[in-house]
>>> print(open('target_8.csv').read())   # CSV, N, CA and C atoms
chain,number,residue,atom,x,y,z
V,1,MET,N,-28.6,22.5,-124.3
V,1,MET,CA,-27.3,22.8,-124.8
V,1,MET,C,-26.4,21.6,-124.7
V,2,LYS,N,-25.7,21.4,-125.8
V,2,LYS,CA,-24.8,20.2,-125.9
V,2,LYS,C,-23.5,20.5,-125.1
V,3,THR,N,-23.0,19.4,-124.6
V,3,THR,CA,-21.7,19.4,-123.8
V,3,THR,C,-20.6,19.5,-124.8
V,4,LYS,N,-19.4,19.9,-124.3
V,4,LYS,CA,-18.2,19.9,-125.2
V,4,LYS,C,-17.9,18.6,-125.8
V,5,LYS,N,-18.1,17.5,-125.0
V,5,LYS,CA,-17.8,16.2,-125.4
V,5,LYS,C,-18.8,15.8,-126.6
V,6,GLU,N,-20.1,16.2,-126.4
V,6,GLU,CA,-21.0,15.9,-127.5
V,6,GLU,C,-20.7,16.6,-128.8
V,7,LEU,N,-20.3,17.9,-128.6
V,7,LEU,CA,-19.9,18.7,-129.8
V,7,LEU,C,-18.7,18.1,-130.5
V,8,LYS,N,-17.8,17.7,-129.8
V,8,LYS,CA,-16.6,17.0,-130.4
V,8,LYS,C,-17.0,15.8,-131.2
V,9,ALA,N,-17.9,15.0,-130.6
V,9,ALA,CA,-18.3,13.8,-131.2
V,9,ALA,C,-19.1,14.1,-132.5
V,10,ILE,N,-19.9,15.1,-132.5
V,10,ILE,CA,-20.6,15.5,-133.7
V,10,ILE,C,-19.6,16.0,-134.8
V,11,TYR,N,-18.6,16.8,-134.4
V,11,TYR,CA,-17.6,17.3,-135.3
V,11,TYR,C,-16.9,16.1,-136.0
V,12,ARG,N,-16.5,15.1,-135.2
V,12,ARG,CA,-15.8,13.9,-135.7
V,12,ARG,C,-16.6,13.2,-136.8
V,13,GLU,N,-17.9,13.2,-136.7
V,13,GLU,CA,-18.8,12.5,-137.6
V,13,GLU,C,-19.1,13.3,-138.9
V,14,MET,N,-18.7,14.6,-138.9
V,14,MET,CA,-19.0,15.5,-140.1
V,14,MET,C,-18.2,15.0,-141.3
V,15,LYS,N,-18.7,15.1,-142.4
V,15,LYS,CA,-18.0,14.8,-143.7
V,15,LYS,C,-17.7,16.1,-144.4
V,16,PHE,N,-16.4,16.2,-144.8
V,16,PHE,CA,-15.9,17.4,-145.5
V,16,PHE,C,-15.6,16.9,-146.9
V,17,ARG,N,-15.6,17.8,-147.8
V,17,ARG,CA,-15.3,17.5,-149.2
V,17,ARG,C,-13.8,17.4,-149.3
V,18,ILE,N,-13.3,16.2,-149.8
V,18,ILE,CA,-11.9,15.8,-149.9
V,18,ILE,C,-11.5,15.8,-151.3
V,19,GLY,N,-10.4,16.4,-151.7
V,19,GLY,CA,-10.0,16.3,-153.1
V,19,GLY,C,-8.8,17.2,-153.4
V,20,VAL,N,-8.7,17.4,-154.7
V,20,VAL,CA,-7.5,18.2,-155.2
V,20,VAL,C,-8.1,19.5,-155.9
V,21,PHE,N,-7.4,20.6,-155.7
V,21,PHE,CA,-7.8,21.9,-156.2
V,21,PHE,C,-6.6,22.5,-156.9
V,22,GLN,N,-7.0,23.6,-157.6
V,22,GLN,CA,-6.0,24.4,-158.2
V,22,GLN,C,-6.3,25.9,-158.0
V,23,ILE,N,-5.3,26.7,-157.9
V,23,ILE,CA,-5.4,28.1,-157.8
V,23,ILE,C,-4.8,28.5,-159.2
V,24,ARG,N,-5.6,29.2,-160.0
V,24,ARG,CA,-5.2,29.5,-161.4
V,24,ARG,C,-5.1,31.0,-161.5
V,25,ASN,N,-3.9,31.4,-162.1
V,25,ASN,CA,-3.7,32.8,-162.4
V,25,ASN,C,-4.3,33.0,-163.8
V,26,ILE,N,-5.4,33.8,-163.9
V,26,ILE,CA,-6.1,33.9,-165.2
V,26,ILE,C,-5.4,34.9,-166.1
V,27,ALA,N,-4.4,35.6,-165.6
V,27,ALA,CA,-3.6,36.5,-166.4
V,27,ALA,C,-2.6,35.8,-167.2
V,28,ASN,N,-2.0,34.7,-166.7
V,28,ASN,CA,-1.0,34.0,-167.4
V,28,ASN,C,-1.2,32.5,-167.4
V,29,ASN,N,-2.3,32.0,-166.9
V,29,ASN,CA,-2.7,30.6,-166.8
V,29,ASN,C,-1.8,29.7,-166.0
V,30,LYS,N,-0.9,30.2,-165.2
V,30,LYS,CA,-0.1,29.4,-164.3
V,30,LYS,C,-1.0,28.8,-163.2
V,31,ILE,N,-0.7,27.6,-162.8
V,31,ILE,CA,-1.5,27.0,-161.7
V,31,ILE,C,-0.7,26.4,-160.6
V,32,TYR,N,-1.4,26.4,-159.4
V,32,TYR,CA,-0.8,25.7,-158.2
V,32,TYR,C,-1.8,24.6,-157.9
V,33,ILE,N,-1.3,23.4,-157.7
V,33,ILE,CA,-2.2,22.3,-157.5
V,33,ILE,C,-1.8,21.7,-156.1
V,34,ALA,N,-2.8,21.4,-155.3
V,34,ALA,CA,-2.6,20.7,-154.0
V,34,ALA,C,-3.9,19.9,-153.6
V,35,GLY,N,-3.8,19.1,-152.6
V,35,GLY,CA,-4.9,18.3,-152.1
V,35,GLY,C,-5.3,18.8,-150.7
V,36,SER,N,-6.5,18.5,-150.4
V,36,SER,CA,-7.0,19.0,-149.0
V,36,SER,C,-8.1,18.0,-148.6
V,37,THR,N,-8.2,17.9,-147.2
V,37,THR,CA,-9.2,17.1,-146.6
V,37,THR,C,-10.5,18.0,-146.4
V,38,ASP,N,-10.4,19.2,-146.7
V,38,ASP,CA,-11.5,20.1,-146.6
V,38,ASP,C,-11.4,21.2,-147.7
V,39,LEU,N,-12.1,20.9,-148.8
V,39,LEU,CA,-11.9,21.8,-150.0
V,39,LEU,C,-12.6,23.1,-149.8
V,40,VAL,N,-13.5,23.3,-148.9
V,40,VAL,CA,-14.1,24.6,-148.6
V,40,VAL,C,-13.2,25.4,-147.8
V,41,ALA,N,-12.6,24.8,-146.7
V,41,ALA,CA,-11.8,25.6,-145.8
V,41,ALA,C,-10.4,26.0,-146.4
V,42,ILE,N,-9.9,25.1,-147.3
V,42,ILE,CA,-8.6,25.4,-147.9
V,42,ILE,C,-8.5,26.7,-148.7
V,43,TRP,N,-9.6,27.0,-149.4
V,43,TRP,CA,-9.6,28.2,-150.2
V,43,TRP,C,-9.6,29.4,-149.3
V,44,ASN,N,-10.4,29.4,-148.2
V,44,ASN,CA,-10.4,30.5,-147.2
V,44,ASN,C,-9.0,30.6,-146.6
V,45,ARG,N,-8.4,29.5,-146.2
V,45,ARG,CA,-7.0,29.6,-145.7
V,45,ARG,C,-6.0,30.1,-146.6
V,46,SER,N,-6.1,29.6,-147.9
V,46,SER,CA,-5.1,30.0,-148.9
V,46,SER,C,-5.2,31.5,-149.2
V,47,ARG,N,-6.5,32.0,-149.3
V,47,ARG,CA,-6.7,33.4,-149.6
V,47,ARG,C,-6.2,34.3,-148.4
V,48,PHE,N,-6.4,33.8,-147.2
V,48,PHE,CA,-5.9,34.5,-146.0
V,48,PHE,C,-4.4,34.6,-146.0
V,49,GLN,N,-3.8,33.5,-146.3
V,49,GLN,CA,-2.3,33.5,-146.3
V,49,GLN,C,-1.8,34.4,-147.4
V,50,LEU,N,-2.4,34.3,-148.6
V,50,LEU,CA,-1.9,35.1,-149.7
V,50,LEU,C,-2.1,36.6,-149.5
V,51,ASN,N,-3.2,36.9,-148.9
V,51,ASN,CA,-3.5,38.3,-148.6
V,51,ASN,C,-2.6,38.9,-147.5
V,52,CYS,N,-2.2,38.0,-146.6
V,52,CYS,CA,-1.3,38.4,-145.5
V,52,CYS,C,0.2,38.3,-145.9
V,53,GLY,N,0.5,37.7,-147.1
V,53,GLY,CA,1.9,37.6,-147.5
V,53,GLY,C,2.6,36.5,-146.9
V,54,ILE,N,1.9,35.4,-146.4
V,54,ILE,CA,2.5,34.3,-145.7
V,54,ILE,C,2.3,32.9,-146.3
V,55,HIS,N,1.9,32.9,-147.6
V,55,HIS,CA,1.6,31.6,-148.2
V,55,HIS,C,3.0,30.9,-148.4
V,56,PRO,N,3.0,29.6,-148.1
V,56,PRO,CA,4.3,28.8,-148.2
V,56,PRO,C,4.9,28.7,-149.6
V,57,ASN,N,4.1,28.9,-150.7
V,57,ASN,CA,4.6,28.9,-152.0
V,57,ASN,C,5.0,30.3,-152.5
V,58,ALA,N,6.3,30.5,-152.5
V,58,ALA,CA,6.9,31.8,-152.8
V,58,ALA,C,6.5,32.3,-154.2
V,59,GLY,N,6.5,31.5,-155.2
V,59,GLY,CA,6.1,31.9,-156.6
V,59,GLY,C,4.7,32.4,-156.7
V,60,LEU,N,3.8,31.6,-156.1
V,60,LEU,CA,2.4,32.0,-156.0
V,60,LEU,C,2.2,33.3,-155.2
V,61,GLN,N,2.8,33.4,-154.1
V,61,GLN,CA,2.7,34.5,-153.3
V,61,GLN,C,3.2,35.8,-154.0
V,62,LYS,N,4.3,35.7,-154.7
V,62,LYS,CA,4.9,36.8,-155.5
V,62,LYS,C,3.9,37.3,-156.5
V,63,GLU,N,3.3,36.4,-157.3
V,63,GLU,CA,2.4,36.8,-158.4
V,63,GLU,C,1.1,37.2,-157.8
V,64,TRP,N,0.6,36.7,-156.7
V,64,TRP,CA,-0.6,37.2,-156.1
V,64,TRP,C,-0.5,38.6,-155.8
V,65,LYS,N,0.7,39.0,-155.2
V,65,LYS,CA,0.9,40.4,-154.9
V,65,LYS,C,1.0,41.3,-156.1
V,66,GLU,N,1.6,40.7,-157.2
V,66,GLU,CA,1.9,41.4,-158.4
V,66,GLU,C,0.6,41.6,-159.2
V,67,PHE,N,-0.2,40.5,-159.4
V,67,PHE,CA,-1.4,40.6,-160.2
V,67,PHE,C,-2.7,40.9,-159.5
V,68,GLY,N,-2.7,40.7,-158.1
V,68,GLY,CA,-3.9,40.9,-157.3
V,68,GLY,C,-4.9,39.8,-157.3
V,69,GLU,N,-5.6,39.7,-156.2
V,69,GLU,CA,-6.6,38.6,-156.0
V,69,GLU,C,-7.6,38.4,-157.1
V,70,GLU,N,-8.0,39.5,-157.7
V,70,GLU,CA,-9.0,39.4,-158.8
V,70,GLU,C,-8.5,38.7,-160.0
V,71,ASN,N,-7.2,38.4,-160.1
V,71,ASN,CA,-6.7,37.6,-161.3
V,71,ASN,C,-6.4,36.1,-161.0
V,72,PHE,N,-7.0,35.7,-159.9
V,72,PHE,CA,-6.8,34.3,-159.5
V,72,PHE,C,-8.2,33.6,-159.2
V,73,VAL,N,-8.3,32.4,-159.6
V,73,VAL,CA,-9.6,31.6,-159.4
V,73,VAL,C,-9.2,30.3,-158.7
V,74,TYR,N,-10.2,29.8,-157.9
V,74,TYR,CA,-10.0,28.6,-157.2
V,74,TYR,C,-10.9,27.6,-157.9
V,75,GLU,N,-10.4,26.4,-158.3
V,75,GLU,CA,-11.1,25.4,-159.0
V,75,GLU,C,-10.8,24.0,-158.4
V,76,ILE,N,-11.9,23.2,-158.3
V,76,ILE,CA,-11.7,21.9,-157.8
V,76,ILE,C,-11.5,21.0,-159.0
V,77,LEU,N,-10.4,20.2,-158.9
V,77,LEU,CA,-10.1,19.3,-160.0
V,77,LEU,C,-10.6,17.9,-159.9
V,78,GLY,N,-10.8,17.4,-158.7
V,78,GLY,CA,-11.2,16.1,-158.4
V,78,GLY,C,-11.6,15.9,-157.0
V,79,GLU,N,-12.6,15.1,-156.7
V,79,GLU,CA,-13.0,14.8,-155.3
V,79,GLU,C,-13.0,13.3,-155.1
V,80,ILE,N,-12.8,12.9,-153.8
V,80,ILE,CA,-12.8,11.5,-153.4
V,80,ILE,C,-14.2,11.2,-152.8
V,81,LYS,N,-14.8,10.2,-153.4
V,81,LYS,CA,-16.1,9.8,-152.9
V,81,LYS,C,-15.9,9.1,-151.5
V,82,GLN,N,-16.6,9.6,-150.5
V,82,GLN,CA,-16.4,9.0,-149.2
V,82,GLN,C,-17.5,8.0,-148.9
V,83,ASP,N,-17.1,7.0,-148.2
V,83,ASP,CA,-18.0,5.9,-147.8
V,83,ASP,C,-18.8,6.4,-146.6
V,84,GLU,N,-20.1,6.5,-146.7
V,84,GLU,CA,-20.9,7.0,-145.6
V,84,GLU,C,-20.9,6.1,-144.4
V,85,ALA,N,-20.7,4.8,-144.6
V,85,ALA,CA,-20.8,3.8,-143.5
V,85,ALA,C,-19.6,3.8,-142.6
V,86,LYS,N,-18.4,4.3,-143.0
V,86,LYS,CA,-17.3,4.2,-142.2
V,86,LYS,C,-16.5,5.5,-142.2
V,87,THR,N,-15.7,5.7,-141.2
V,87,THR,CA,-14.8,6.9,-141.1
V,87,THR,C,-13.4,6.3,-141.5
V,88,THR,N,-13.0,6.7,-142.6
V,88,THR,CA,-11.7,6.2,-143.2
V,88,THR,C,-10.8,7.3,-143.3
V,89,ASP,N,-9.5,7.0,-143.2
V,89,ASP,CA,-8.4,8.0,-143.5
V,89,ASP,C,-8.2,8.0,-145.0
V,90,TYR,N,-8.5,9.1,-145.6
V,90,TYR,CA,-8.4,9.2,-147.1
V,90,TYR,C,-7.1,9.8,-147.5
V,91,GLY,N,-6.1,9.9,-146.6
V,91,GLY,CA,-4.8,10.5,-147.0
V,91,GLY,C,-4.1,9.8,-148.1
V,92,LYS,N,-4.1,8.5,-148.2
V,92,LYS,CA,-3.4,7.8,-149.2
V,92,LYS,C,-4.1,8.0,-150.6
V,93,GLU,N,-5.4,7.9,-150.6
V,93,GLU,CA,-6.1,8.2,-151.8
V,93,GLU,C,-5.9,9.6,-152.3
V,94,LEU,N,-5.9,10.6,-151.4
V,94,LEU,CA,-5.7,12.0,-151.7
V,94,LEU,C,-4.4,12.2,-152.3
V,95,LYS,N,-3.3,11.6,-151.7
V,95,LYS,CA,-2.0,11.8,-152.3
V,95,LYS,C,-1.9,11.2,-153.7
V,96,GLN,N,-2.5,10.0,-153.9
V,96,GLN,CA,-2.5,9.4,-155.2
V,96,GLN,C,-3.2,10.3,-156.3
V,97,LEU,N,-4.4,10.8,-155.9
V,97,LEU,CA,-5.1,11.7,-156.8
V,97,LEU,C,-4.3,13.0,-157.1
V,98,GLU,N,-3.7,13.6,-156.1
V,98,GLU,CA,-2.9,14.8,-156.2
V,98,GLU,C,-1.7,14.5,-157.2
V,99,GLY,N,-1.0,13.4,-156.9
V,99,GLY,CA,0.1,13.0,-157.8
V,99,GLY,C,-0.3,12.8,-159.2
V,100,MET,N,-1.4,12.1,-159.4
V,100,MET,CA,-1.9,11.9,-160.8
V,100,MET,C,-2.2,13.2,-161.5
V,101,LEU,N,-2.9,14.1,-160.8
V,101,LEU,CA,-3.2,15.4,-161.5
V,101,LEU,C,-2.0,16.3,-161.7
V,102,ILE,N,-1.0,16.2,-160.8
V,102,ILE,CA,0.2,17.0,-161.0
V,102,ILE,C,1.0,16.4,-162.2
V,103,GLU,N,1.0,15.1,-162.3
V,103,GLU,CA,1.7,14.4,-163.4
V,103,GLU,C,1.0,14.8,-164.7
V,104,GLU,N,-0.3,14.8,-164.7
V,104,GLU,CA,-1.0,15.1,-165.9
V,104,GLU,C,-0.9,16.6,-166.4
V,105,LEU,N,-1.0,17.5,-165.4
V,105,LEU,CA,-1.1,18.9,-165.7
V,105,LEU,C,0.3,19.6,-165.7
V,106,GLN,N,1.3,19.0,-165.1
V,106,GLN,CA,2.7,19.5,-165.1
V,106,GLN,C,2.8,21.0,-164.7
V,107,PRO,N,2.3,21.3,-163.5
V,107,PRO,CA,2.3,22.7,-163.1
V,107,PRO,C,3.7,23.3,-162.6
V,108,PHE,N,4.7,23.1,-163.4
V,108,PHE,CA,6.0,23.5,-163.1
V,108,PHE,C,6.6,24.6,-163.9
V,109,GLU,N,7.5,25.3,-163.4
V,109,GLU,CA,8.2,26.4,-164.1
V,109,GLU,C,7.3,27.4,-164.7
V,110,ASP,N,7.3,27.5,-166.1
V,110,ASP,CA,6.4,28.6,-166.7
V,110,ASP,C,5.0,28.2,-166.8
V,111,ARG,N,4.6,26.9,-166.4
V,111,ARG,CA,3.3,26.4,-166.4
V,111,ARG,C,2.6,26.5,-165.1
V,112,GLY,N,3.4,26.7,-164.0
V,112,GLY,CA,2.7,26.7,-162.7
V,112,GLY,C,3.7,27.0,-161.6
V,113,TYR,N,3.1,26.9,-160.4
V,113,TYR,CA,3.9,27.3,-159.2
V,113,TYR,C,4.4,26.1,-158.3
V,114,ASN,N,4.0,24.8,-158.7
V,114,ASN,CA,4.5,23.7,-158.0
V,114,ASN,C,6.0,23.4,-158.3
V,115,ARG,N,6.6,22.7,-157.4
V,115,ARG,CA,8.0,22.4,-157.6
V,115,ARG,C,8.1,20.9,-158.1
V,116,CYS,N,9.0,20.7,-159.0
V,116,CYS,CA,9.3,19.3,-159.5
V,116,CYS,C,9.8,18.5,-158.3
V,117,ALA,N,9.5,17.2,-158.2
V,117,ALA,CA,10.0,16.4,-157.1
V,117,ALA,C,11.5,16.4,-157.2
V,118,GLY,N,12.2,16.6,-156.1
V,118,GLY,CA,13.6,16.6,-156.0
V,118,GLY,C,14.2,18.0,-156.2
V,119,SER,N,13.5,19.0,-156.7
V,119,SER,CA,14.0,20.3,-156.8
V,119,SER,C,13.9,21.1,-155.5
V,120,LYS,N,14.8,22.1,-155.3
V,120,LYS,CA,14.8,22.9,-154.1
V,120,LYS,C,14.2,24.2,-154.3
>>> encode(input="target_8.csv", output="structure tokens")
Amino acid sequence: MKTKKELKAIYREMKFRIGVFQIRNIANNKIYIAGSTDLVAIWNRSRFQLNCGIHPNAGLQKEWKEFGEENFVYEILGEIKQDEAKTTDYGKELKQLEGMLIEELQPFEDRGYNRCAGSK
């Protein structure tokens, strides 16, 4: 049996899928775009938050409740290729990819649930 210290070391070495995803309302095609350092876990977390009524995005939360989970799909828009040889912080790359996809897809107002930069 491995020690706690060994298990922590193994976890630190694990590679998770890093990238940008969208949650799309298939009833009206509105989208929510965000980035994550773990594309598998973020969908579980988002669904849990939405089903509990505690998701930080109020517009997405409102329509999840209105349309139901069956009218939403999770889609990966882009992934960051990780260097196997080193453990790098991919935060900057992730923000750049997220910004690029948000700029391209414009998920604001009637097209999506994201907020424009500078809006409250």
>>> closest_residue(input="target_8.csv", among="V:Asn25, V:Lys8, V:Leu105, V:Thr3", to="V:Glu63", atoms="only N, CA and C atoms")
V:Asn25
>>> closest_atom_pairs(input="target_8.csv", of="stretch 55-91 of chain V", to="stretch 32-38 of chain V", cutoff="8 Å", atoms="all atoms listed in the file", output="JSON lines")
{"residue": "V:Leu60", "atom": "CA", "partner": "V:Tyr32", "partner_atom": "CA", "distance": 7.4}
{"residue": "V:Tyr90", "atom": "C", "partner": "V:Thr37", "partner_atom": "CA", "distance": 7.6}
{"residue": "V:Gly91", "atom": "N", "partner": "V:Thr37", "partner_atom": "CA", "distance": 7.8}
>>> closest_residue(input="target_8.csv", among="V:Arg17, V:Lys95, V:Lys65, V:Lys30", to="V:Glu79", atoms="only N, CA and C atoms")
V:Arg17
>>> closest_residue(input="target_8.csv", among="V:Tyr113, V:Pro56, V:Phe72, V:Ile42", to="V:Arg24", atoms="only N, CA and C atoms")
V:Phe72
>>> atom_distance(input="target_8.csv", atom1="atom C of V:Asn57", atom2="atom N of V:Val20")
18.9 Å
>>> closest_residue(input="target_8.csv", among="V:Ala117, V:Ile80, V:Ile54, V:Ile31", to="V:Ile18", atoms="only N, CA and C atoms")
V:Ile80
>>> select_by_dssp(input="target_8.csv", residues="chain V", states="strand (DSSP E or B)", output="PDB file with N, CA and C atoms, in the coordinates of the input")
ATOM      1  N   GLY V  19     -10.400  16.400-151.700  1.00  0.00           N
ATOM      2  CA  GLY V  19     -10.000  16.300-153.100  1.00  0.00           C
ATOM      3  C   GLY V  19      -8.800  17.200-153.400  1.00  0.00           C
ATOM      4  N   VAL V  20      -8.700  17.400-154.700  1.00  0.00           N
ATOM      5  CA  VAL V  20      -7.500  18.200-155.200  1.00  0.00           C
ATOM      6  C   VAL V  20      -8.100  19.500-155.900  1.00  0.00           C
ATOM      7  N   PHE V  21      -7.400  20.600-155.700  1.00  0.00           N
ATOM      8  CA  PHE V  21      -7.800  21.900-156.200  1.00  0.00           C
ATOM      9  C   PHE V  21      -6.600  22.500-156.900  1.00  0.00           C
ATOM     10  N   GLN V  22      -7.000  23.600-157.600  1.00  0.00           N
ATOM     11  CA  GLN V  22      -6.000  24.400-158.200  1.00  0.00           C
ATOM     12  C   GLN V  22      -6.300  25.900-158.000  1.00  0.00           C
ATOM     13  N   ILE V  23      -5.300  26.700-157.900  1.00  0.00           N
ATOM     14  CA  ILE V  23      -5.400  28.100-157.800  1.00  0.00           C
ATOM     15  C   ILE V  23      -4.800  28.500-159.200  1.00  0.00           C
ATOM     16  N   ARG V  24      -5.600  29.200-160.000  1.00  0.00           N
ATOM     17  CA  ARG V  24      -5.200  29.500-161.400  1.00  0.00           C
ATOM     18  C   ARG V  24      -5.100  31.000-161.500  1.00  0.00           C
ATOM     19  N   ASN V  25      -3.900  31.400-162.100  1.00  0.00           N
ATOM     20  CA  ASN V  25      -3.700  32.800-162.400  1.00  0.00           C
ATOM     21  C   ASN V  25      -4.300  33.000-163.800  1.00  0.00           C
ATOM     22  N   ILE V  31      -0.700  27.600-162.800  1.00  0.00           N
ATOM     23  CA  ILE V  31      -1.500  27.000-161.700  1.00  0.00           C
ATOM     24  C   ILE V  31      -0.700  26.400-160.600  1.00  0.00           C
ATOM     25  N   TYR V  32      -1.400  26.400-159.400  1.00  0.00           N
ATOM     26  CA  TYR V  32      -0.800  25.700-158.200  1.00  0.00           C
ATOM     27  C   TYR V  32      -1.800  24.600-157.900  1.00  0.00           C
ATOM     28  N   ILE V  33      -1.300  23.400-157.700  1.00  0.00           N
ATOM     29  CA  ILE V  33      -2.200  22.300-157.500  1.00  0.00           C
ATOM     30  C   ILE V  33      -1.800  21.700-156.100  1.00  0.00           C
ATOM     31  N   ALA V  34      -2.800  21.400-155.300  1.00  0.00           N
ATOM     32  CA  ALA V  34      -2.600  20.700-154.000  1.00  0.00           C
ATOM     33  C   ALA V  34      -3.900  19.900-153.600  1.00  0.00           C
ATOM     34  N   GLY V  35      -3.800  19.100-152.600  1.00  0.00           N
ATOM     35  CA  GLY V  35      -4.900  18.300-152.100  1.00  0.00           C
ATOM     36  C   GLY V  35      -5.300  18.800-150.700  1.00  0.00           C
ATOM     37  N   SER V  36      -6.500  18.500-150.400  1.00  0.00           N
ATOM     38  CA  SER V  36      -7.000  19.000-149.000  1.00  0.00           C
ATOM     39  C   SER V  36      -8.100  18.000-148.600  1.00  0.00           C
ATOM     40  N   PHE V  72      -7.000  35.700-159.900  1.00  0.00           N
ATOM     41  CA  PHE V  72      -6.800  34.300-159.500  1.00  0.00           C
ATOM     42  C   PHE V  72      -8.200  33.600-159.200  1.00  0.00           C
ATOM     43  N   VAL V  73      -8.300  32.400-159.600  1.00  0.00           N
ATOM     44  CA  VAL V  73      -9.600  31.600-159.400  1.00  0.00           C
ATOM     45  C   VAL V  73      -9.200  30.300-158.700  1.00  0.00           C
ATOM     46  N   TYR V  74     -10.200  29.800-157.900  1.00  0.00           N
ATOM     47  CA  TYR V  74     -10.000  28.600-157.200  1.00  0.00           C
ATOM     48  C   TYR V  74     -10.900  27.600-157.900  1.00  0.00           C
ATOM     49  N   GLU V  75     -10.400  26.400-158.300  1.00  0.00           N
ATOM     50  CA  GLU V  75     -11.100  25.400-159.000  1.00  0.00           C
ATOM     51  C   GLU V  75     -10.800  24.000-158.400  1.00  0.00           C
ATOM     52  N   ILE V  76     -11.900  23.200-158.300  1.00  0.00           N
ATOM     53  CA  ILE V  76     -11.700  21.900-157.800  1.00  0.00           C
ATOM     54  C   ILE V  76     -11.500  21.000-159.000  1.00  0.00           C
ATOM     55  N   LEU V  77     -10.400  20.200-158.900  1.00  0.00           N
ATOM     56  CA  LEU V  77     -10.100  19.300-160.000  1.00  0.00           C
ATOM     57  C   LEU V  77     -10.600  17.900-159.900  1.00  0.00           C
ATOM     58  N   GLY V  78     -10.800  17.400-158.700  1.00  0.00           N
ATOM     59  CA  GLY V  78     -11.200  16.100-158.400  1.00  0.00           C
ATOM     60  C   GLY V  78     -11.600  15.900-157.000  1.00  0.00           C
ATOM     61  N   GLU V  79     -12.600  15.100-156.700  1.00  0.00           N
ATOM     62  CA  GLU V  79     -13.000  14.800-155.300  1.00  0.00           C
ATOM     63  C   GLU V  79     -13.000  13.300-155.100  1.00  0.00           C
ATOM     64  N   PHE V 108       4.700  23.100-163.400  1.00  0.00           N
ATOM     65  CA  PHE V 108       6.000  23.500-163.100  1.00  0.00           C
ATOM     66  C   PHE V 108       6.600  24.600-163.900  1.00  0.00           C
ATOM     67  N   GLY V 112       3.400  26.700-164.000  1.00  0.00           N
ATOM     68  CA  GLY V 112       2.700  26.700-162.700  1.00  0.00           C
ATOM     69  C   GLY V 112       3.700  27.000-161.600  1.00  0.00           C
ATOM     70  N   ASN V 114       4.000  24.800-158.700  1.00  0.00           N
ATOM     71  CA  ASN V 114       4.500  23.700-158.000  1.00  0.00           C
ATOM     72  C   ASN V 114       6.000  23.400-158.300  1.00  0.00           C
TER      73      ASN V 114
END
